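Worksheet: one structure, shown below.
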Amino acid sequence: MNKQAITIKDIARLLGISKSTVSRALSGQGEINPETKRKILELARKLDYQPNIVAVSLKQQRTNTIGVIIPETVNRFFAKAVGGIQRVANLAGVNVMICQSDESYVLEKKNLQTLVASRVDGLLVSVSRETDKFDHFDAVISKGIPLVFFDRIVEGLRASRVYSDNYEIAREATQHLLQQGCRNIAFMAGPQHLYNSRNRLKGYLDALTAASVPVRENLIIRTDYKSGKNEEFARYLMTLKDPPDGIFAINDYAALEIMHVLKKMGFKIPQDVAVLGFNNENICKLVEPGLSSIDHPAHEMGMAAAEILLQEIKEGTNTLVNRLIRSRLVIRESTHRQIR
């Protein structure tokens, strides 16, 4: 018995009582003699009884667990988002299973299948950079499993979504660079099948158009969120006949690498080139010059997504909530130019 998990049947046999009596005592449900209940609980503690979660979940048709799929765990944005999810789940007494797609469509599908097979009560998903087909999510929705997308959302599916104002904040950031005297602004555009990337590019383009600044296609870099070509991009841009005087990077780490390359090439930041990042990582305020960035509300987004999912699980309905969490522009020395 020491080598095997203690069961309700074991406790009932040792006390010479029925399994149903033990079950009622351990669950706190139903009428039971106080002395009998005391003996059951005392023996359960002594034998270190642990309830069979799988059996309980099958009986209740719930596992009290939600699944989360994120593109990567090393990215501070997704780490903060998971922190928000975990906070809401902890308060609700719900367990969280986290999977990483590593920006892979194939692995994302595998993660989804694993979580569904584990009978999670609902799913929170931020899609990978490779995901441009959504049949695997259609299958989940058709099973009636609550699904909420956050940050990297999917349009056109019957699922709730939590997202930020990518268009508005990209337009505001581009306007800031224009106000600092920049007229040749390079933009690092992410995969255009992703909602976030598509709207950021549109915000950039609309800001230029509104300021009557011509759009230069050779200043738009088509890349992704994990590119290892930032040095190559920087050298390409700065050797153009008419190089940029402002660079709007796809994220902070790309911006920091570009700043490093610009310094090696002899350019001054922001006097020669203003540089703007995205995500407002902690390191932004520690580098010289401090990096201007967009503060993306990851923790709040994770909390909101978890709250919506738990509500849908509780009500047993797909409410199709669309919740906007606003970002903000944080201006530091890297874009604070003296207008010439």
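Ordered as shown in the structure tokens, chains take letters A, B, and onward, while each chain numbers its residues from 1 and ligands are numbered from 1 in the order shown.
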
If you count only C-alpha atoms, which residues fall within 12 Å of A:Ile8, apart from same-chain ones fewer than 2 positions away, as a PyMOL selection string?
-> chain A and resi 5-6+10-27+40-41+43-44+47-52+55

Those of stretch 65-253 of chain A in DSSP alpha helix (DSSP H), formatted as number ranges by chain = A: 76-92, 105-117, 135-142, 166-179, 195-210, 230-238, 252-253

At most 12 Å is the cut-off: for each residue in stretch 234-279 of chain A with any atom that close to an atom of stretch 198-204 of chain A, write down the nearest atom pair and the distance in Å rounded to one decimal, counting only C-alpha atoms, chain first then increasing number, as JSON lines.
{"residue": "A:Ile247", "atom": "CA", "partner": "A:Tyr204", "partner_atom": "CA", "distance": 11.5}
{"residue": "A:Phe248", "atom": "CA", "partner": "A:Tyr204", "partner_atom": "CA", "distance": 9.1}
{"residue": "A:Ala249", "atom": "CA", "partner": "A:Arg200", "partner_atom": "CA", "distance": 11.1}
{"residue": "A:Ile250", "atom": "CA", "partner": "A:Arg200", "partner_atom": "CA", "distance": 9.5}
{"residue": "A:Asn251", "atom": "CA", "partner": "A:Arg200", "partner_atom": "CA", "distance": 11.9}
{"residue": "A:Phe278", "atom": "CA", "partner": "A:Arg200", "partner_atom": "CA", "distance": 10.8}

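Near A:Val140, within 12 Å and counting only C-alpha atoms, sit Lys109, Leu112, Gln113, Thr114, Leu115, Val116, Ala117, Arg119, Val120, Asp121, Gly122, Leu123, Leu124, Val125, Phe134, Asp135, Ile145, Pro146, Leu147, Val148, Leu157, Arg158 and Ala159 of chain A; same-chain residues fewer than 5 positions away were not included.
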
Hey, what's within 10 Å of stretch 297-308 of chain A if we count only C-alpha atoms and toss same-chain stuff fewer than 6 positions away? As a tab-separated table (two decimals) with all heavy atoms, in the first residue's frame, please?
chain	number	residue	atom	x	y	z
A	66	ILE	N	-7.20	25.20	-17.65
A	66	ILE	CA	-7.25	25.86	-18.95
A	66	ILE	C	-5.91	25.71	-19.65
A	66	ILE	O	-4.87	25.60	-19.00
A	66	ILE	CB	-7.62	27.36	-18.83
A	66	ILE	CG1	-6.59	28.12	-17.98
A	66	ILE	CG2	-9.03	27.53	-18.28
A	66	ILE	CD1	-6.82	29.63	-17.95
A	68	VAL	N	-3.01	27.15	-22.44
A	68	VAL	CA	-2.47	28.38	-23.02
A	68	VAL	C	-1.43	28.03	-24.06
A	68	VAL	O	-0.54	27.22	-23.80
A	68	VAL	CB	-1.84	29.28	-21.93
A	68	VAL	CG1	-1.29	30.57	-22.56
A	68	VAL	CG2	-2.84	29.61	-20.84
A	76	ARG	N	9.64	38.57	-23.26
A	76	ARG	CA	9.12	39.14	-22.02
A	76	ARG	C	7.65	39.49	-22.14
A	76	ARG	O	6.90	39.43	-21.16
A	76	ARG	CB	9.94	40.37	-21.63
A	76	ARG	CG	9.54	40.98	-20.29
A	76	ARG	CD	10.54	42.02	-19.81
A	76	ARG	NE	10.04	42.75	-18.68
A	76	ARG	CZ	9.40	43.91	-18.75
A	76	ARG	NH1	9.18	44.47	-19.94
A	76	ARG	NH2	8.98	44.53	-17.67
A	77	PHE	N	7.21	39.87	-23.34
A	77	PHE	CA	5.80	40.21	-23.51
A	77	PHE	C	4.93	39.02	-23.16
A	77	PHE	O	3.97	39.13	-22.39
A	77	PHE	CB	5.51	40.65	-24.96
A	77	PHE	CG	4.04	40.81	-25.23
A	77	PHE	CD1	3.39	41.98	-24.89
A	77	PHE	CD2	3.30	39.77	-25.79
A	77	PHE	CE1	2.02	42.12	-25.11
A	77	PHE	CE2	1.94	39.90	-26.01
A	77	PHE	CZ	1.30	41.08	-25.67
A	78	PHE	N	5.24	37.85	-23.71
A	78	PHE	CA	4.41	36.68	-23.45
A	78	PHE	C	4.59	36.17	-22.02
A	78	PHE	O	3.65	35.62	-21.44
A	78	PHE	CB	4.72	35.58	-24.48
A	78	PHE	CG	4.25	35.94	-25.86
A	78	PHE	CD1	5.16	36.18	-26.88
A	78	PHE	CD2	2.90	36.09	-26.13
A	78	PHE	CE1	4.73	36.54	-28.15
A	78	PHE	CE2	2.46	36.45	-27.40
A	78	PHE	CZ	3.37	36.67	-28.41
A	79	ALA	N	5.77	36.37	-21.46
A	79	ALA	CA	5.97	36.00	-20.05
A	79	ALA	C	5.06	36.84	-19.15
A	79	ALA	O	4.45	36.32	-18.21
A	79	ALA	CB	7.43	36.20	-19.66
A	80	LYS	N	4.96	38.13	-19.46
A	80	LYS	CA	4.07	39.02	-18.68
A	80	LYS	C	2.60	38.67	-18.91
A	80	LYS	O	1.79	38.72	-17.99
A	80	LYS	CB	4.34	40.47	-19.06
A	80	LYS	CG	5.68	41.00	-18.57
A	80	LYS	CD	5.98	42.37	-19.13
A	80	LYS	CE	5.06	43.43	-18.60
A	80	LYS	NZ	5.42	44.78	-19.12
A	81	ALA	N	2.26	38.31	-20.15
A	81	ALA	CA	0.88	37.92	-20.45
A	81	ALA	C	0.50	36.68	-19.66
A	81	ALA	O	-0.60	36.61	-19.08
A	81	ALA	CB	0.71	37.68	-21.94
A	82	VAL	N	1.41	35.70	-19.61
A	82	VAL	CA	1.15	34.48	-18.84
A	82	VAL	C	1.02	34.82	-17.36
A	82	VAL	O	0.20	34.22	-16.65
A	82	VAL	CB	2.28	33.46	-19.07
A	82	VAL	CG1	2.20	32.32	-18.05
A	82	VAL	CG2	2.20	32.89	-20.48
A	83	GLY	N	1.79	35.80	-16.90
A	83	GLY	CA	1.66	36.23	-15.50
A	83	GLY	C	0.26	36.74	-15.21
A	83	GLY	O	-0.32	36.46	-14.15
A	84	GLY	N	-0.30	37.50	-16.14
A	84	GLY	CA	-1.67	38.00	-15.99
A	84	GLY	C	-2.69	36.87	-16.00
A	84	GLY	O	-3.64	36.86	-15.20
A	85	ILE	N	-2.49	35.92	-16.90
A	85	ILE	CA	-3.38	34.75	-16.98
A	85	ILE	C	-3.33	33.96	-15.67
A	85	ILE	O	-4.35	33.58	-15.10
A	85	ILE	CB	-2.97	33.85	-18.16
A	85	ILE	CG1	-3.25	34.56	-19.50
A	85	ILE	CG2	-3.70	32.50	-18.09
A	85	ILE	CD1	-2.63	33.89	-20.69
A	86	GLN	N	-2.09	33.73	-15.20
A	86	GLN	CA	-1.90	32.93	-13.98
A	86	GLN	C	-2.54	33.60	-12.77
A	86	GLN	O	-3.12	32.93	-11.91
A	86	GLN	CB	-0.41	32.72	-13.74
A	86	GLN	CG	-0.08	31.66	-12.71
A	86	GLN	CD	-0.30	30.26	-13.23
A	86	GLN	OE1	0.34	29.83	-14.17
A	86	GLN	NE2	-1.22	29.52	-12.60
A	87	ARG	N	-2.44	34.93	-12.73
A	87	ARG	CA	-3.02	35.65	-11.59
A	87	ARG	C	-4.53	35.44	-11.52
A	87	ARG	O	-5.07	35.14	-10.45
A	87	ARG	CB	-2.71	37.15	-11.71
A	87	ARG	CG	-3.29	37.97	-10.57
A	87	ARG	CD	-2.95	39.44	-10.72
A	87	ARG	NE	-3.54	40.22	-9.64
A	87	ARG	CZ	-3.47	41.54	-9.54
A	87	ARG	NH1	-2.82	42.23	-10.47
A	87	ARG	NH2	-4.04	42.17	-8.54
A	88	VAL	N	-5.21	35.59	-12.65
A	88	VAL	CA	-6.67	35.41	-12.68
A	88	VAL	C	-7.02	33.96	-12.38
A	88	VAL	O	-7.96	33.68	-11.61
A	88	VAL	CB	-7.23	35.83	-14.06
A	88	VAL	CG1	-8.70	35.44	-14.19
A	88	VAL	CG2	-7.08	37.33	-14.25
A	89	ALA	N	-6.27	33.03	-12.96
A	89	ALA	CA	-6.55	31.60	-12.75
A	89	ALA	C	-6.35	31.22	-11.28
A	89	ALA	O	-7.15	30.46	-10.72
A	89	ALA	CB	-5.65	30.76	-13.65
A	92	ALA	N	-9.15	32.22	-9.14
A	92	ALA	CA	-10.34	31.41	-9.41
A	92	ALA	C	-10.14	29.94	-9.04
A	92	ALA	O	-11.07	29.13	-9.18
A	92	ALA	CB	-10.72	31.52	-10.88
A	122	GLY	N	-10.95	25.08	-21.43
A	122	GLY	CA	-10.95	26.18	-22.39
A	122	GLY	C	-9.52	26.50	-22.81
A	122	GLY	O	-8.56	26.01	-22.20
A	123	LEU	N	-9.40	27.35	-23.84
A	123	LEU	CA	-8.08	27.63	-24.41
A	123	LEU	C	-7.85	29.12	-24.61
A	123	LEU	O	-8.75	29.85	-25.04
A	123	LEU	CB	-7.95	26.93	-25.77
A	123	LEU	CG	-7.89	25.41	-25.74
A	123	LEU	CD1	-8.37	24.83	-27.06
A	123	LEU	CD2	-6.46	24.96	-25.46
A	124	LEU	N	-6.61	29.55	-24.32
A	124	LEU	CA	-6.15	30.90	-24.61
A	124	LEU	C	-5.01	30.77	-25.60
A	124	LEU	O	-4.05	30.03	-25.35
A	124	LEU	CB	-5.66	31.59	-23.33
A	124	LEU	CG	-6.71	31.86	-22.25
A	124	LEU	CD1	-6.05	32.34	-20.97
A	124	LEU	CD2	-7.71	32.90	-22.74
A	125	VAL	N	-5.08	31.50	-26.72
A	125	VAL	CA	-4.10	31.32	-27.78
A	125	VAL	C	-3.62	32.64	-28.35
A	125	VAL	O	-4.42	33.55	-28.61
A	125	VAL	CB	-4.68	30.47	-28.94
A	125	VAL	CG1	-3.65	30.33	-30.07
A	125	VAL	CG2	-5.11	29.10	-28.43
A	146	PRO	N	-14.52	26.45	-25.25
A	146	PRO	CA	-14.32	27.91	-25.25
A	146	PRO	C	-12.90	28.28	-25.67
A	146	PRO	O	-11.93	27.65	-25.23
A	146	PRO	CB	-14.57	28.29	-23.79
A	146	PRO	CG	-15.47	27.22	-23.26
A	146	PRO	CD	-15.01	25.96	-23.95
A	147	LEU	N	-12.78	29.26	-26.54
A	147	LEU	CA	-11.49	29.66	-27.10
A	147	LEU	C	-11.41	31.18	-27.14
A	147	LEU	O	-12.33	31.84	-27.65
A	147	LEU	CB	-11.33	29.09	-28.51
A	147	LEU	CG	-10.17	29.57	-29.37
A	147	LEU	CD1	-8.83	29.19	-28.74
A	147	LEU	CD2	-10.28	29.00	-30.78
A	148	VAL	N	-10.32	31.74	-26.60
A	148	VAL	CA	-10.10	33.19	-26.61
A	148	VAL	C	-8.71	33.47	-27.18
A	148	VAL	O	-7.72	32.93	-26.69
A	148	VAL	CB	-10.22	33.80	-25.20
A	148	VAL	CG1	-9.93	35.31	-25.25
A	148	VAL	CG2	-11.60	33.54	-24.61
A	149	PHE	N	-8.65	34.28	-28.23
A	149	PHE	CA	-7.37	34.71	-28.77
A	149	PHE	C	-6.94	36.00	-28.08
A	149	PHE	O	-7.77	36.84	-27.74
A	149	PHE	CB	-7.49	34.98	-30.28
A	149	PHE	CG	-7.73	33.76	-31.11
A	149	PHE	CD1	-8.99	33.48	-31.60
A	149	PHE	CD2	-6.69	32.89	-31.40
A	149	PHE	CE1	-9.22	32.35	-32.37
A	149	PHE	CE2	-6.91	31.76	-32.16
A	149	PHE	CZ	-8.18	31.48	-32.65
A	150	PHE	N	-5.61	36.14	-27.87
A	150	PHE	CA	-5.12	37.38	-27.28
A	150	PHE	C	-3.87	37.84	-28.00
A	150	PHE	O	-3.07	37.04	-28.48
A	150	PHE	CB	-4.88	37.24	-25.77
A	150	PHE	CG	-3.74	36.33	-25.40
A	150	PHE	CD1	-2.48	36.84	-25.09
A	150	PHE	CD2	-3.94	34.96	-25.32
A	150	PHE	CE1	-1.44	36.01	-24.74
A	150	PHE	CE2	-2.90	34.11	-24.97
A	150	PHE	CZ	-1.64	34.63	-24.68
A	151	ASP	N	-3.68	39.14	-28.10
A	151	ASP	CA	-2.59	39.80	-28.80
A	151	ASP	C	-2.59	39.45	-30.29
A	151	ASP	O	-3.13	40.16	-31.09
A	151	ASP	CB	-1.24	39.50	-28.16
A	151	ASP	CG	-0.13	40.33	-28.81
A	151	ASP	OD1	-0.34	41.54	-28.99
A	151	ASP	OD2	0.92	39.78	-29.15
A	160	SER	N	-13.80	34.71	-28.95
A	160	SER	CA	-13.54	36.02	-28.34
A	160	SER	C	-12.09	36.43	-28.59
A	160	SER	O	-11.22	35.58	-28.82
A	160	SER	CB	-13.83	35.96	-26.84
A	160	SER	OG	-15.21	35.75	-26.61
A	161	ARG	N	-11.84	37.75	-28.50
A	161	ARG	CA	-10.51	38.27	-28.83
A	161	ARG	C	-10.15	39.41	-27.88
A	161	ARG	O	-10.98	40.26	-27.57
A	161	ARG	CB	-10.47	38.78	-30.27
A	161	ARG	CG	-10.84	37.73	-31.30
A	161	ARG	CD	-10.88	38.30	-32.70
A	161	ARG	NE	-11.94	39.30	-32.84
A	161	ARG	CZ	-12.26	39.87	-33.99
A	161	ARG	NH1	-11.60	39.58	-35.09
A	161	ARG	NH2	-13.24	40.76	-34.05
A	162	VAL	N	-8.90	39.43	-27.46
A	162	VAL	CA	-8.36	40.54	-26.67
A	162	VAL	C	-7.14	41.06	-27.44
A	162	VAL	O	-6.23	40.29	-27.74
A	162	VAL	CB	-7.95	40.10	-25.25
A	162	VAL	CG1	-7.33	41.26	-24.49
A	162	VAL	CG2	-9.15	39.54	-24.50
A	163	TYR	N	-7.15	42.32	-27.76
A	163	TYR	CA	-6.11	42.86	-28.64
A	163	TYR	C	-5.77	44.29	-28.24
A	163	TYR	O	-6.49	44.94	-27.47
A	163	TYR	CB	-6.57	42.82	-30.10
A	163	TYR	CG	-7.90	43.50	-30.33
A	163	TYR	CD1	-7.97	44.82	-30.77
A	163	TYR	CD2	-9.10	42.82	-30.10
A	163	TYR	CE1	-9.18	45.45	-30.95
A	163	TYR	CE2	-10.32	43.45	-30.29
A	163	TYR	CZ	-10.36	44.75	-30.72
A	163	TYR	OH	-11.57	45.38	-30.89
A	164	SER	N	-4.66	44.79	-28.80
A	164	SER	CA	-4.26	46.18	-28.54
A	164	SER	C	-4.50	47.02	-29.79
A	164	SER	O	-4.78	46.49	-30.86
A	164	SER	CB	-2.79	46.25	-28.11
A	164	SER	OG	-1.96	45.82	-29.17
A	279	ASN	N	7.49	47.30	-27.39
A	279	ASN	CA	7.28	46.41	-26.23
A	279	ASN	C	7.72	47.03	-24.91
A	279	ASN	O	7.31	46.58	-23.85
A	279	ASN	CB	7.96	45.04	-26.38
A	279	ASN	CG	7.13	44.06	-27.17
A	279	ASN	OD1	5.95	44.30	-27.41
A	279	ASN	ND2	7.74	42.98	-27.61
A	280	ASN	N	8.60	48.06	-24.95
A	280	ASN	CA	9.06	48.74	-23.74
A	280	ASN	C	9.66	47.76	-22.73
A	280	ASN	O	9.26	47.71	-21.56
A	280	ASN	CB	7.92	49.54	-23.09
A	280	ASN	CG	8.43	50.56	-22.09
A	280	ASN	OD1	9.51	51.11	-22.25
A	280	ASN	ND2	7.64	50.82	-21.06
A	314	LYS	N	-17.81	29.16	-17.30
A	314	LYS	CA	-18.83	29.16	-16.24
A	314	LYS	C	-20.24	29.16	-16.82
A	314	LYS	O	-21.12	28.42	-16.37
A	314	LYS	CB	-18.63	30.37	-15.33
A	314	LYS	CG	-19.65	30.48	-14.21
A	314	LYS	CD	-19.39	31.72	-13.36
A	314	LYS	CE	-20.42	31.86	-12.26
A	314	LYS	NZ	-20.19	33.09	-11.45
A	318	ASN	N	-20.55	30.83	-25.76
A	318	ASN	CA	-19.53	31.56	-26.49
A	318	ASN	C	-20.05	32.98	-26.70
A	318	ASN	O	-20.87	33.24	-27.58
A	318	ASN	CB	-19.26	30.89	-27.84
A	318	ASN	CG	-18.05	31.47	-28.54
A	318	ASN	OD1	-17.63	32.58	-28.25
A	318	ASN	ND2	-17.51	30.72	-29.48
A	319	THR	N	-19.56	33.91	-25.89
A	319	THR	CA	-20.13	35.27	-25.88
A	319	THR	C	-19.54	36.18	-26.95
A	319	THR	O	-20.03	37.28	-27.17
A	319	THR	CB	-19.93	35.92	-24.50
A	319	THR	OG1	-18.53	35.82	-24.13
A	319	THR	CG2	-20.75	35.20	-23.45
A	320	LEU	N	-18.47	35.76	-27.60
A	320	LEU	CA	-17.83	36.53	-28.67
A	320	LEU	C	-17.48	37.95	-28.22
A	320	LEU	O	-17.89	38.94	-28.83
A	320	LEU	CB	-18.71	36.57	-29.92
A	320	LEU	CG	-19.04	35.20	-30.55
A	320	LEU	CD1	-19.90	35.38	-31.79
A	320	LEU	CD2	-17.76	34.46	-30.89
A	321	VAL	N	-16.70	38.04	-27.17
A	321	VAL	CA	-16.26	39.34	-26.64
A	321	VAL	C	-15.07	39.85	-27.45
A	321	VAL	O	-14.16	39.09	-27.78
A	321	VAL	CB	-15.87	39.21	-25.15
A	321	VAL	CG1	-15.27	40.52	-24.63
A	321	VAL	CG2	-17.06	38.79	-24.33
A	322	ASN	N	-15.08	41.14	-27.78
A	322	ASN	CA	-13.93	41.80	-28.39
A	322	ASN	C	-13.49	42.91	-27.45
A	322	ASN	O	-14.21	43.89	-27.26
A	322	ASN	CB	-14.31	42.40	-29.75
A	322	ASN	CG	-14.51	41.35	-30.80
A	322	ASN	OD1	-13.59	40.65	-31.17
A	322	ASN	ND2	-15.75	41.20	-31.27
A	323	ARG	N	-12.31	42.74	-26.84
A	323	ARG	CA	-11.86	43.73	-25.85
A	323	ARG	C	-10.55	44.37	-26.28
A	323	ARG	O	-9.57	43.70	-26.58
A	323	ARG	CB	-11.69	43.09	-24.47
A	323	ARG	CG	-11.37	44.10	-23.36
A	323	ARG	CD	-11.43	43.47	-22.00
A	323	ARG	NE	-12.76	42.95	-21.71
A	323	ARG	CZ	-13.06	42.28	-20.58
A	323	ARG	NH1	-12.12	42.07	-19.68
A	323	ARG	NH2	-14.28	41.83	-20.39
A	324	LEU	N	-10.56	45.69	-26.30
A	324	LEU	CA	-9.38	46.47	-26.69
A	324	LEU	C	-8.62	46.92	-25.44
A	324	LEU	O	-9.21	47.51	-24.54
A	324	LEU	CB	-9.81	47.69	-27.51
A	324	LEU	CG	-8.73	48.72	-27.84
A	324	LEU	CD1	-7.69	48.11	-28.76
A	324	LEU	CD2	-9.36	49.96	-28.47
A	325	ILE	N	-7.32	46.64	-25.40
A	325	ILE	CA	-6.45	47.11	-24.32
A	325	ILE	C	-5.45	48.07	-24.96
A	325	ILE	O	-4.65	47.68	-25.82
A	325	ILE	CB	-5.69	45.94	-23.65
A	325	ILE	CG1	-6.66	44.83	-23.23
A	325	ILE	CG2	-4.88	46.45	-22.47
A	325	ILE	CD1	-7.59	45.19	-22.12
A	326	ARG	N	-5.46	49.32	-24.57
A	326	ARG	CA	-4.67	50.35	-25.26
A	326	ARG	C	-3.19	50.34	-24.86
A	326	ARG	O	-2.85	50.13	-23.70
A	326	ARG	CB	-5.27	51.73	-25.01
A	326	ARG	CG	-6.65	51.90	-25.61
A	326	ARG	CD	-7.06	53.36	-25.75
A	326	ARG	NE	-8.34	53.45	-26.43
A	326	ARG	CZ	-8.51	53.42	-27.74
A	326	ARG	NH1	-7.45	53.30	-28.53
A	326	ARG	NH2	-9.71	53.51	-28.28
A	327	SER	N	-2.35	50.57	-25.86
A	327	SER	CA	-0.91	50.72	-25.65
A	327	SER	C	-0.58	52.20	-25.45
A	327	SER	O	-1.45	53.06	-25.64
A	327	SER	CB	-0.14	50.19	-26.87
A	327	SER	OG	-0.44	48.84	-27.11
A	328	ARG	N	0.69	52.50	-25.11
A	328	ARG	CA	1.07	53.90	-24.96
A	328	ARG	C	2.51	54.10	-25.44
A	328	ARG	O	3.34	53.21	-25.33
A	328	ARG	CB	0.91	54.38	-23.51
A	328	ARG	CG	1.86	53.72	-22.53
A	328	ARG	CD	1.59	54.14	-21.10
A	328	ARG	NE	2.52	53.50	-20.18
A	328	ARG	CZ	3.64	54.04	-19.76
A	328	ARG	NH1	3.98	55.26	-20.16
A	328	ARG	NH2	4.44	53.41	-18.92

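Between atom CA of A:Phe187 and atom CA of A:Pro244 there is a distance of 9.7 Å.
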
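For A:Gln179, the residues within 12 Å (counting only C-alpha atoms, excluding itself and residues fewer than 3 positions away along the chain) are Glu172, Ala173, Thr174, Gln175, His176, Cys182, Arg183, Ile185, Ala207, Leu208, Ala211, Gly246, Ala274, Thr335, His336, Arg337, Gln338, Ile339 and Arg340 of chain A.
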